[in-house]
$ cat query_35.cif   # mmCIF, C-alpha atoms
data_my_file
#
loop_
_atom_site.label_atom_id
_atom_site.label_comp_id
_atom_site.auth_asym_id
_atom_site.auth_seq_id
_atom_site.Cartn_x
_atom_site.Cartn_y
_atom_site.Cartn_z
CA MET C 11 190.35 77.79 56.90
CA LYS C 12 192.69 78.74 59.71
CA ALA C 13 192.13 79.17 63.43
CA LYS C 14 192.05 82.97 63.58
CA PRO C 15 189.49 84.32 66.05
CA ILE C 16 188.59 88.01 65.66
CA PRO C 17 189.07 89.73 69.02
CA THR C 18 186.36 92.08 70.16
CA LEU C 19 187.31 95.58 71.27
CA ALA C 20 186.53 94.78 74.90
CA LEU C 21 188.65 91.63 74.76
CA LEU C 22 191.56 93.52 73.21
CA LEU C 23 191.40 96.21 75.86
CA ALA C 24 191.34 93.60 78.63
CA ILE C 25 194.34 91.79 77.14
CA LEU C 26 196.31 94.99 76.59
CA LEU C 27 195.63 96.27 80.10
CA ALA C 28 196.53 92.92 81.63
CA GLY C 29 199.86 92.93 79.82
CA CYS C 30 200.72 96.60 80.16
CA SER C 31 203.60 95.89 82.52
CA GLN C 32 205.33 93.70 79.93
CA PRO C 33 206.83 94.97 76.63
CA ILE C 34 205.44 91.96 74.77
CA THR C 35 202.15 90.17 75.46
CA ASN C 36 201.40 86.78 73.91
CA LEU C 37 197.79 86.87 72.65
CA THR C 38 197.88 83.25 71.43
CA VAL C 39 195.91 80.77 73.48
CA PRO C 40 198.13 77.80 74.45
CA GLN C 41 195.66 75.18 73.21
CA VAL C 42 194.11 75.66 69.77
CA PRO C 43 191.36 73.52 68.23
CA GLN C 44 192.51 71.49 65.27
CA ASN C 45 191.37 72.77 61.88
CA PRO C 46 191.34 71.09 58.44
CA SER C 47 193.99 73.36 56.88
CA GLY C 48 196.51 72.85 59.66
CA VAL C 49 197.31 76.61 59.71
CA TYR C 50 197.34 78.43 63.05
CA THR C 51 197.72 82.15 63.76
CA LEU C 52 200.09 83.26 66.54
CA THR C 53 199.66 86.84 67.76
CA MET C 54 201.62 89.20 69.98
CA ASN C 55 201.14 92.76 71.14
CA ALA C 56 204.11 95.07 71.86
CA ARG C 57 204.32 98.08 74.17
CA ILE C 58 207.23 100.50 73.89
CA THR C 59 207.56 103.20 76.54
CA GLU C 60 211.08 104.29 75.63
CA PRO C 61 211.39 107.81 74.11
CA ASN C 62 212.97 108.73 70.80
CA VAL C 63 211.92 105.51 69.06
CA ASP C 64 212.31 105.33 65.31
CA THR C 65 208.82 104.06 64.55
CA ASP C 66 209.82 102.95 61.05
CA SER C 67 212.33 100.55 62.54
CA ILE C 68 209.85 98.62 64.71
CA GLY C 69 209.42 95.01 63.63
CA GLY C 70 207.91 91.90 65.15
CA PHE C 71 209.39 88.43 64.62
CA ILE C 72 208.67 84.90 65.75
CA VAL C 73 211.15 82.09 66.28
CA ILE C 74 209.32 78.79 65.94
CA GLU C 75 211.00 75.38 65.98
CA GLY C 76 214.37 77.15 65.71
CA ALA C 77 213.59 79.24 62.60
CA GLU C 78 212.94 83.01 62.69
CA HIS C 79 210.15 84.53 60.58
CA PRO C 80 208.94 88.12 60.21
CA MET C 81 205.44 88.81 61.46
CA THR C 82 202.82 90.97 59.78
CA LYS C 83 200.96 93.84 61.41
CA SER C 84 197.49 93.02 62.64
CA PRO C 85 194.60 95.36 61.83
CA TYR C 86 193.49 95.17 65.47
CA GLY C 87 196.33 97.13 67.08
CA GLU C 88 199.17 99.51 66.25
CA LEU C 89 201.89 97.21 67.56
CA MET C 90 200.03 93.93 67.22
CA TYR C 91 201.70 91.32 65.00
CA GLU C 92 200.57 87.99 63.54
CA TYR C 93 202.15 84.93 61.97
CA ASP C 94 200.38 82.02 60.24
CA TYR C 95 202.14 78.77 61.09
CA THR C 96 201.54 75.53 59.19
CA MET C 97 201.82 72.67 61.64
CA PRO C 98 203.57 69.58 60.16
CA THR C 99 201.10 66.74 59.72
CA ASP C 100 203.06 64.46 62.06
CA ARG C 101 203.15 67.04 64.88
CA ALA C 102 200.60 68.28 67.40
CA GLU C 103 202.68 70.93 69.19
CA ALA C 104 205.31 73.58 68.47
CA LYS C 105 207.74 75.62 70.58
CA TYR C 106 208.07 79.35 69.82
CA TYR C 107 208.95 82.77 71.19
CA PHE C 108 208.55 86.38 70.01
CA VAL C 109 211.21 88.97 69.19
CA LEU C 110 210.67 92.75 68.99
CA ARG C 111 213.31 94.88 67.26
CA TYR C 112 213.47 98.68 67.02
CA ASN C 113 215.92 101.57 67.03
CA VAL C 114 216.24 104.48 69.45
CA ILE C 115 217.86 107.73 68.28
CA GLU C 116 219.75 109.65 70.96
CA ASN C 117 222.03 112.61 70.30
CA GLY C 118 222.10 111.73 66.63
CA LEU C 119 223.17 108.15 67.31
CA THR C 120 221.10 105.05 66.57
CA HIS C 121 220.87 102.33 69.18
CA ALA C 122 219.33 98.94 68.41
CA ARG C 123 216.96 97.35 70.87
CA VAL C 124 215.98 93.65 70.96
CA ILE C 125 213.34 92.24 73.28
CA THR C 126 212.55 88.53 73.49
CA THR C 127 209.88 86.58 75.32
CA PRO C 128 210.02 83.25 77.13
CA VAL C 129 209.42 80.07 75.12
CA TYR C 130 205.78 79.13 74.64
CA THR C 131 204.11 75.92 73.50
CA LEU C 132 201.32 75.73 70.94
CA ASP C 133 199.19 72.60 71.50
CA ILE C 134 196.73 71.37 68.93
CA VAL C 135 193.74 69.81 70.66
CA ASN C 136 190.24 68.52 69.93
CA ARG C 137 191.33 65.45 67.99
CA TYR C 138 188.10 63.54 68.41
CA VAL C 139 188.24 59.79 67.99
CA LEU C 140 184.61 58.81 68.01
CA THR C 141 184.47 55.06 67.86
CA MET C 142 185.69 51.77 66.45
CA GLU C 143 183.15 50.24 64.10
CA ALA C 144 183.79 46.87 65.77
CA THR C 145 184.96 46.11 69.28
CA ARG C 146 185.93 42.47 68.78
CA GLY C 147 187.37 40.26 66.07
CA PRO C 148 190.13 37.75 65.21
CA VAL C 149 193.77 38.34 64.35
CA GLY C 150 194.04 39.89 60.89
CA ALA C 151 190.61 41.54 60.99
CA SER C 152 190.50 45.07 59.53
CA ILE C 153 188.84 47.45 62.02
CA PRO C 154 187.71 50.94 60.93
CA VAL C 155 188.12 53.87 63.34
CA VAL C 156 185.90 56.90 62.76
CA GLY C 157 187.02 60.30 64.01
CA ARG C 158 188.32 63.67 62.89
CA GLY C 159 191.65 65.09 61.84
CA PHE C 160 193.48 61.86 61.03
CA THR C 161 196.75 62.07 59.07
CA SER C 162 198.85 59.51 57.22
CA PHE C 163 201.38 59.66 60.10
CA ASP C 164 198.90 58.42 62.72
CA ARG C 165 199.35 54.93 64.15
CA VAL C 166 196.99 52.70 66.10
CA PHE C 167 198.34 50.69 69.04
CA ILE C 168 196.47 47.78 70.60
CA GLY C 169 197.71 46.26 73.82
CA GLY C 170 200.86 48.39 73.50
CA ILE C 171 201.70 46.84 70.12
CA GLU C 172 201.70 48.95 66.95
CA ALA C 173 199.09 47.65 64.54
CA GLN C 174 199.23 47.90 60.77
CA THR C 175 197.42 51.22 60.23
CA ASN C 176 195.93 52.35 56.91
CA TYR C 177 194.98 55.99 56.39
CA GLY C 178 191.67 56.39 54.58
CA SER C 179 190.73 60.05 55.01
CA PRO C 180 190.82 62.80 57.68
CA ASN C 181 187.77 61.10 59.14
CA ALA C 182 188.71 57.42 59.00
CA VAL C 183 191.62 55.02 59.48
CA THR C 184 191.67 51.23 59.75
CA PHE C 185 193.95 48.91 61.67
CA ALA C 186 194.63 45.19 61.33
CA VAL C 187 194.38 43.19 64.56
CA PRO C 188 197.96 42.04 65.38
CA PRO C 189 198.76 38.55 66.73
CA LEU C 190 197.71 38.78 70.38
CA PRO C 191 196.51 36.06 72.77
CA ALA C 192 192.80 35.40 72.27
CA ASP C 193 189.88 35.86 74.67
CA GLN C 194 191.28 39.04 76.19
CA ASP C 195 190.44 42.76 76.04
CA TYR C 196 193.12 45.22 74.94
CA ALA C 197 193.32 49.01 75.14
CA VAL C 198 193.34 50.68 71.73
CA GLU C 199 195.10 54.05 71.30
CA LEU C 200 195.76 56.47 68.48
CA HIS C 201 199.33 57.84 68.50
CA SER C 202 199.68 61.15 66.65
CA GLY C 203 203.12 62.69 67.04
CA THR C 204 203.68 63.00 70.78
CA ASN C 205 199.97 62.85 71.58
CA VAL C 206 198.10 59.68 72.59
CA PHE C 207 194.32 59.45 72.25
CA PRO C 208 192.43 56.54 73.87
CA ILE C 209 189.90 54.87 71.58
CA GLY C 210 188.46 52.04 73.67
CA LEU C 211 188.77 48.33 74.39
CA PHE C 212 188.99 45.61 71.76
CA HIS C 213 188.37 41.91 72.38
CA VAL C 214 190.50 39.45 70.39
CA ASP C 215 188.48 36.38 69.47
CA GLY C 216 190.16 33.03 68.92
CA SER C 217 190.52 31.73 65.37
CA ASN C 218 191.62 28.44 63.80
CA LEU C 219 194.74 27.55 61.87
CA THR C 220 194.44 25.19 58.94
CA ILE C 221 197.11 22.50 58.51
CA THR C 222 197.47 20.54 55.28
CA PRO C 223 197.89 17.55 55.18
CA ALA C 224 196.02 16.43 58.30
CA SER C 225 198.78 13.90 59.10
CA VAL C 226 202.42 13.37 58.18
CA GLU C 227 203.88 10.04 57.11
CA LEU C 228 207.46 10.01 55.94
CA ALA C 229 210.41 7.68 55.79
CA ALA C 230 213.55 8.70 57.64
CA GLY C 231 215.57 10.99 55.40
CA ASP C 232 212.64 11.81 53.12
CA SER C 233 211.03 15.25 53.00
CA GLY C 234 207.61 16.70 52.31
CA GLU C 235 205.62 19.93 52.71
CA ILE C 236 203.10 21.24 55.21
CA VAL C 237 200.86 24.23 54.42
CA VAL C 238 199.86 26.38 57.41
CA GLY C 239 197.02 28.83 56.81
CA MET C 240 194.54 31.27 58.38
CA ASP C 241 191.16 32.62 57.23
CA LEU C 242 192.21 36.30 56.88
CA ASP C 243 195.28 38.06 55.50
CA ALA C 244 198.06 38.12 58.07
CA PRO C 245 198.69 41.64 59.45
CA GLY C 246 201.91 43.51 58.79
CA GLY C 247 204.86 41.76 60.37
CA GLY C 248 203.23 38.37 59.85
CA VAL C 249 201.93 35.76 62.27
CA PRO C 250 204.56 33.54 63.95
CA VAL C 251 203.46 29.92 64.37
CA ASP C 252 205.06 27.81 67.09
CA VAL C 253 205.47 24.12 66.26
CA GLU C 254 206.23 21.60 69.01
CA THR C 255 206.48 17.80 68.91
CA ASP C 256 206.87 14.92 71.33
CA VAL C 257 209.31 13.23 68.93
CA PRO C 258 211.86 16.02 68.34
CA ALA C 259 214.50 13.60 67.01
CA SER C 260 212.08 12.47 64.30
CA VAL C 261 211.05 15.84 62.82
CA ILE C 262 213.21 18.51 61.19
CA MET C 263 211.41 21.81 60.42
CA PRO C 264 212.35 25.50 60.06
CA GLU C 265 210.61 28.36 61.89
CA VAL C 266 207.09 29.02 60.62
CA VAL C 267 205.74 32.55 59.94
CA ILE C 268 202.70 33.41 57.83
CA PRO C 269 203.95 36.54 56.01
CA GLY C 270 202.07 39.84 56.29
CA GLY C 271 199.39 40.08 53.61
CA ALA C 272 199.41 36.30 52.99
CA ARG C 273 197.01 33.63 54.22
CA THR C 274 199.24 30.58 53.93
CA VAL C 275 202.85 29.52 54.11
CA SER C 276 204.42 26.31 52.80
CA VAL C 277 207.01 24.71 55.08
CA LYS C 278 209.42 21.86 54.36
CA ILE C 279 209.42 18.95 56.81
CA GLN C 280 212.06 16.23 56.84
CA GLY C 281 212.05 12.87 58.56
CA GLY C 282 214.74 12.23 61.15
CA GLN C 283 214.94 9.17 63.36
CA PRO C 284 212.03 6.71 63.15
CA GLY C 285 209.26 7.50 65.61
CA LYS C 286 205.53 8.20 66.07
CA GLY C 287 204.04 11.18 67.79
CA SER C 288 202.28 14.44 67.03
CA LEU C 289 202.88 18.02 65.88
CA HIS C 290 201.32 20.86 67.90
CA PHE C 291 200.71 24.16 66.02
CA THR C 292 199.98 27.30 68.08
CA ALA C 293 199.97 31.04 67.35
CA PRO C 294 198.86 34.16 69.28
CA GLY C 295 195.11 34.50 68.78
CA PHE C 296 194.66 30.97 67.37
CA ASN C 297 193.48 27.68 68.81
CA GLU C 298 195.97 24.82 68.96
CA VAL C 299 195.95 22.29 66.12
CA VAL C 300 197.44 18.80 66.61
CA ILE C 301 198.21 16.37 63.79
CA PRO C 302 199.83 12.90 63.96
CA VAL C 303 203.32 12.31 62.60
CA ASP C 304 204.82 8.94 61.71
CA ILE C 305 208.43 8.63 60.62
CA GLU C 306 209.13 5.11 59.34
CA PRO C 307 212.57 3.57 59.04
CA ALA C 308 214.21 4.22 55.75
CA ALA C 309 213.58 1.52 53.20
CA PRO C 310 216.55 -0.86 52.91
CA PRO C 311 218.62 -0.32 49.83
CA PRO C 312 217.89 -2.74 46.99
CA PRO C 313 220.20 -5.79 46.77
CA PRO C 314 223.16 -5.35 44.50
CA LEU C 315 222.75 -6.64 40.98
CA PRO C 316 224.56 -9.94 40.22
CA PRO C 317 227.76 -9.58 38.25
CA PRO C 318 227.30 -9.98 34.52
CA SER C 319 227.92 -13.47 33.08
CA PRO C 320 231.26 -13.92 31.27
CA PRO C 321 230.96 -13.97 27.51
CA ILE C 322 230.72 -17.43 25.85
CA GLN C 323 233.99 -18.45 24.25
CA ARG C 324 233.60 -20.38 21.00
CA SER C 325 236.33 -22.62 19.59
CA MET C 326 237.61 -22.04 16.12
CA GLY C 327 236.42 -25.37 14.82
CA SER C 328 232.86 -25.11 16.00
#
$ encode --input "query_35.cif" --output "structure tokens"
Amino acid sequence: MKAKPIPTLALLLAILLAGCSQPITNLTVPQVPQNPSGVYTLTMNARITEPNVDTDSIGGFIVIEGAEHPMTKSPYGELMYEYDYTMPTDRAEAKYYFVLRYNVIENGLTHARVITTPVYTLDIVNRYVLTMEATRGPVGASIPVVGRGFTSFDRVFIGGIEAQTNYGSPNAVTFAVPPLPADQDYAVELHSGTNVFPIGLFHVDGSNLTITPASVELAAGDSGEIVVGMDLDAPGGGVPVDVETDVPASVIMPEVVIPGGARTVSVKIQGGQPGKGSLHFTAPGFNEVVIPVDIEPAAPPPPPLPPPSPPIQRSMGS
């Protein structure tokens, strides 16, 4: 269904009298409640006082978002015109103005008249976000948001960071908690086009990383693998893991990121100079994990093999 209120006769008379000094009166309210079809009716009323008007030439038009469209006559007034506009799903407002065209015949000559209005704004309102089904959770948790009028273009932001948002229906979306420092409350907002709707506060609880193996023992120059994991799927964009050590000359490792949608990542670690210390793993929203690391000197190369014995020479007479 579309937002198309039926004006009463008294309301129409009040509107027409209020706008009698202007050739065109905008009968569209500037803020329209959102409806499921996304179709909105824009209405104008024209008043022509000029004589000798060719009534067959009168036409109402609307220019909305830069495109002109003919309007249809409304059954509620002789020079009342309507246009049904379908709002794009990623928009919540539209700019428009009205155009009235007609001809005047004087002394057998036809003269064209064009009247335009100022630019108006149509705002779609009453997007109700009711509640989050949970107000706290760890990084990676999927949080449903219940409301009305959601579209696939809507995005949830938490703490100013865009979260991975999944559209379920016009009444529900979910977002994955992004990597944010734990034990804090963050404002959650729904961004729909240019509109921002506050949802509430969300508390990020701390979680634990898993590191396998629980300790690293390597010889200098040798390499191994460390698996870094979390309990839930990493949100879109992944979870960066910071690795620090007190023996930086002994450990060679690349940057660590748990990819979005994954729970673990395998990372190569190589022994550098001999040394003993620890590896510290931290990530936004996760508690620090520390494991020992021991890089032993490289084993000495094996001694060279003795040269082969010369072959035994036998005399001819033996």
$ resolve_selection --input "query_35.cif" --expression "the PyMOL selection byres ((chain C and resi 226) around 6)" --output "VMD selection string"
chain C and resid 225 227 303
$ write_last_selection --input "query_35.cif" --atoms "C-alpha atoms" --output "mmCIF file, in the frame of the given file"
data_model
loop_
_atom_site.group_PDB
_atom_site.id
_atom_site.type_symbol
_atom_site.label_atom_id
_atom_site.label_comp_id
_atom_site.auth_asym_id
_atom_site.auth_seq_id
_atom_site.Cartn_x
_atom_site.Cartn_y
_atom_site.Cartn_z
ATOM 1 C CA SER C 225 198.780 13.900 59.100
ATOM 2 C CA GLU C 227 203.880 10.040 57.110
ATOM 3 C CA VAL C 303 203.320 12.310 62.600
#
$ resolve_selection --input "query_35.cif" --expression "the PyMOL selection byres ((chain C and resi 53) around 10)" --output "VMD selection string"
chain C and resid 14 35 to 39 50 to 52 54 to 55 72 81 to 84 90 to 94 108
$ residues_around --input "query_35.cif" --residues "Leu119 (chain C)" --least-positions-apart "6" --cutoff "12 Å" --atoms "all atoms listed in the file" --output "VMD selection string"
chain C and resid 62 to 64 113
$ resolve_selection --input "query_35.cif" --expression "the PyMOL selection byres ((chain C and resi 248) around 10)" --output "list in words"
Gly150, Pro188, Pro189, Asp243, Ala244, Pro245, Gly246, Gly247, Val249, Pro250, Val251, Val267, Ile268, Pro269, Gly270, Gly271, Ala272 and Arg273 of chain C
$ closest_atom_pairs --input "query_35.cif" --of "region 232-303 of chain C" --to "region 190-209 of chain C" --cutoff "8 Å" --atoms "all atoms listed in the file" --output "JSON lines"
{"residue": "C:Pro294", "atom": "CA", "partner": "C:Pro191", "partner_atom": "CA", "distance": 4.6}
{"residue": "C:Gly295", "atom": "CA", "partner": "C:Ala192", "partner_atom": "CA", "distance": 4.3}
{"residue": "C:Phe296", "atom": "CA", "partner": "C:Ala192", "partner_atom": "CA", "distance": 6.9}
$ atom_distance --input "query_35.cif" --atom1 "CA of Ala224 (chain C)" --atom2 "CA of Leu289 (chain C)"
10.3 Å
$ residues_around --input "query_35.cif" --residues "Ala173 (chain C)" --least-positions-apart "2" --cutoff "8 Å" --atoms "all atoms listed in the file" --output "list of chain:residue names"
C:Arg165, C:Val166, C:Phe167, C:Ile168, C:Ile171, C:Thr175, C:Phe185, C:Ala186, C:Val187, C:Pro188, C:Pro245, C:Gly246
$ atom_distance --input "query_35.cif" --atom1 "CA of Val300 (chain C)" --atom2 "CA of Ser276 (chain C)"
17.2 Å
$ build_atoms --input "query_35.cif" --residues "region 184-209 of chain C" --atoms "N, CA and C atoms" --output "PDB file, in the coordinates of the input"
ATOM      1  N   THR C 184     191.935  52.625  59.385  1.00  0.00           N
ATOM      2  CA  THR C 184     191.670  51.230  59.750  1.00  0.00           C
ATOM      3  C   THR C 184     192.955  50.629  60.306  1.00  0.00           C
ATOM      4  N   PHE C 185     192.789  49.633  61.175  1.00  0.00           N
ATOM      5  CA  PHE C 185     193.950  48.910  61.670  1.00  0.00           C
ATOM      6  C   PHE C 185     193.669  47.423  61.598  1.00  0.00           C
ATOM      7  N   ALA C 186     194.733  46.645  61.374  1.00  0.00           N
ATOM      8  CA  ALA C 186     194.630  45.190  61.330  1.00  0.00           C
ATOM      9  C   ALA C 186     194.984  44.641  62.709  1.00  0.00           C
ATOM     10  N   VAL C 187     194.154  43.750  63.228  1.00  0.00           N
ATOM     11  CA  VAL C 187     194.380  43.190  64.560  1.00  0.00           C
ATOM     12  C   VAL C 187     195.681  42.393  64.534  1.00  0.00           C
ATOM     13  N   PRO C 188     196.676  42.752  65.361  1.00  0.00           N
ATOM     14  CA  PRO C 188     197.960  42.040  65.380  1.00  0.00           C
ATOM     15  C   PRO C 188     197.827  40.710  66.122  1.00  0.00           C
ATOM     16  N   PRO C 189     198.815  39.822  66.008  1.00  0.00           N
ATOM     17  CA  PRO C 189     198.760  38.550  66.730  1.00  0.00           C
ATOM     18  C   PRO C 189     198.892  38.749  68.235  1.00  0.00           C
ATOM     19  N   LEU C 190     197.775  38.643  68.932  1.00  0.00           N
ATOM     20  CA  LEU C 190     197.710  38.780  70.380  1.00  0.00           C
ATOM     21  C   LEU C 190     196.949  37.589  70.943  1.00  0.00           C
ATOM     22  N   PRO C 191     197.253  37.165  72.164  1.00  0.00           N
ATOM     23  CA  PRO C 191     196.510  36.060  72.770  1.00  0.00           C
ATOM     24  C   PRO C 191     195.011  36.318  72.748  1.00  0.00           C
ATOM     25  N   ALA C 192     194.251  35.270  72.435  1.00  0.00           N
ATOM     26  CA  ALA C 192     192.800  35.400  72.270  1.00  0.00           C
ATOM     27  C   ALA C 192     192.088  35.454  73.611  1.00  0.00           C
ATOM     28  N   ASP C 193     190.795  35.837  73.521  1.00  0.00           N
ATOM     29  CA  ASP C 193     189.880  35.860  74.670  1.00  0.00           C
ATOM     30  C   ASP C 193     190.321  36.865  75.731  1.00  0.00           C
ATOM     31  N   GLN C 194     190.896  37.973  75.275  1.00  0.00           N
ATOM     32  CA  GLN C 194     191.280  39.040  76.190  1.00  0.00           C
ATOM     33  C   GLN C 194     190.883  40.384  75.589  1.00  0.00           C
ATOM     34  N   ASP C 195     190.720  41.389  76.469  1.00  0.00           N
ATOM     35  CA  ASP C 195     190.440  42.760  76.040  1.00  0.00           C
ATOM     36  C   ASP C 195     191.729  43.571  76.072  1.00  0.00           C
ATOM     37  N   TYR C 196     191.907  44.414  75.052  1.00  0.00           N
ATOM     38  CA  TYR C 196     193.120  45.220  74.940  1.00  0.00           C
ATOM     39  C   TYR C 196     192.750  46.682  74.715  1.00  0.00           C
ATOM     40  N   ALA C 197     193.522  47.573  75.345  1.00  0.00           N
ATOM     41  CA  ALA C 197     193.320  49.010  75.140  1.00  0.00           C
ATOM     42  C   ALA C 197     193.810  49.408  73.762  1.00  0.00           C
ATOM     43  N   VAL C 198     193.004  50.191  73.067  1.00  0.00           N
ATOM     44  CA  VAL C 198     193.340  50.680  71.730  1.00  0.00           C
ATOM     45  C   VAL C 198     193.589  52.182  71.820  1.00  0.00           C
ATOM     46  N   GLU C 199     194.716  52.642  71.244  1.00  0.00           N
ATOM     47  CA  GLU C 199     195.100  54.050  71.300  1.00  0.00           C
ATOM     48  C   GLU C 199     195.506  54.537  69.917  1.00  0.00           C
ATOM     49  N   LEU C 200     195.263  55.810  69.679  1.00  0.00           N
ATOM     50  CA  LEU C 200     195.760  56.470  68.480  1.00  0.00           C
ATOM     51  C   LEU C 200     196.958  57.315  68.865  1.00  0.00           C
ATOM     52  N   HIS C 201     198.111  57.065  68.240  1.00  0.00           N
ATOM     53  CA  HIS C 201     199.330  57.840  68.500  1.00  0.00           C
ATOM     54  C   HIS C 201     199.528  58.813  67.335  1.00  0.00           C
ATOM     55  N   SER C 202     199.504  60.094  67.659  1.00  0.00           N
ATOM     56  CA  SER C 202     199.680  61.150  66.650  1.00  0.00           C
ATOM     57  C   SER C 202     200.777  62.075  67.133  1.00  0.00           C
ATOM     58  N   GLY C 203     201.976  61.927  66.546  1.00  0.00           N
ATOM     59  CA  GLY C 203     203.120  62.690  67.040  1.00  0.00           C
ATOM     60  C   GLY C 203     203.398  62.290  68.480  1.00  0.00           C
ATOM     61  N   THR C 204     203.436  63.286  69.370  1.00  0.00           N
ATOM     62  CA  THR C 204     203.680  63.000  70.780  1.00  0.00           C
ATOM     63  C   THR C 204     202.385  62.820  71.568  1.00  0.00           C
ATOM     64  N   ASN C 205     201.255  62.956  70.900  1.00  0.00           N
ATOM     65  CA  ASN C 205     199.970  62.850  71.580  1.00  0.00           C
ATOM     66  C   ASN C 205     199.417  61.435  71.481  1.00  0.00           C
ATOM     67  N   VAL C 206     198.733  61.000  72.538  1.00  0.00           N
ATOM     68  CA  VAL C 206     198.100  59.680  72.590  1.00  0.00           C
ATOM     69  C   VAL C 206     196.631  59.877  72.913  1.00  0.00           C
ATOM     70  N   PHE C 207     195.747  59.316  72.065  1.00  0.00           N
ATOM     71  CA  PHE C 207     194.320  59.450  72.250  1.00  0.00           C
ATOM     72  C   PHE C 207     193.711  58.070  72.493  1.00  0.00           C
ATOM     73  N   PRO C 208     193.076  57.842  73.642  1.00  0.00           N
ATOM     74  CA  PRO C 208     192.430  56.540  73.870  1.00  0.00           C
ATOM     75  C   PRO C 208     191.218  56.370  72.972  1.00  0.00           C
ATOM     76  N   ILE C 209     191.039  55.163  72.445  1.00  0.00           N
ATOM     77  CA  ILE C 209     189.900  54.870  71.580  1.00  0.00           C
ATOM     78  C   ILE C 209     188.891  53.976  72.298  1.00  0.00           C
TER      79      ILE C 209
END
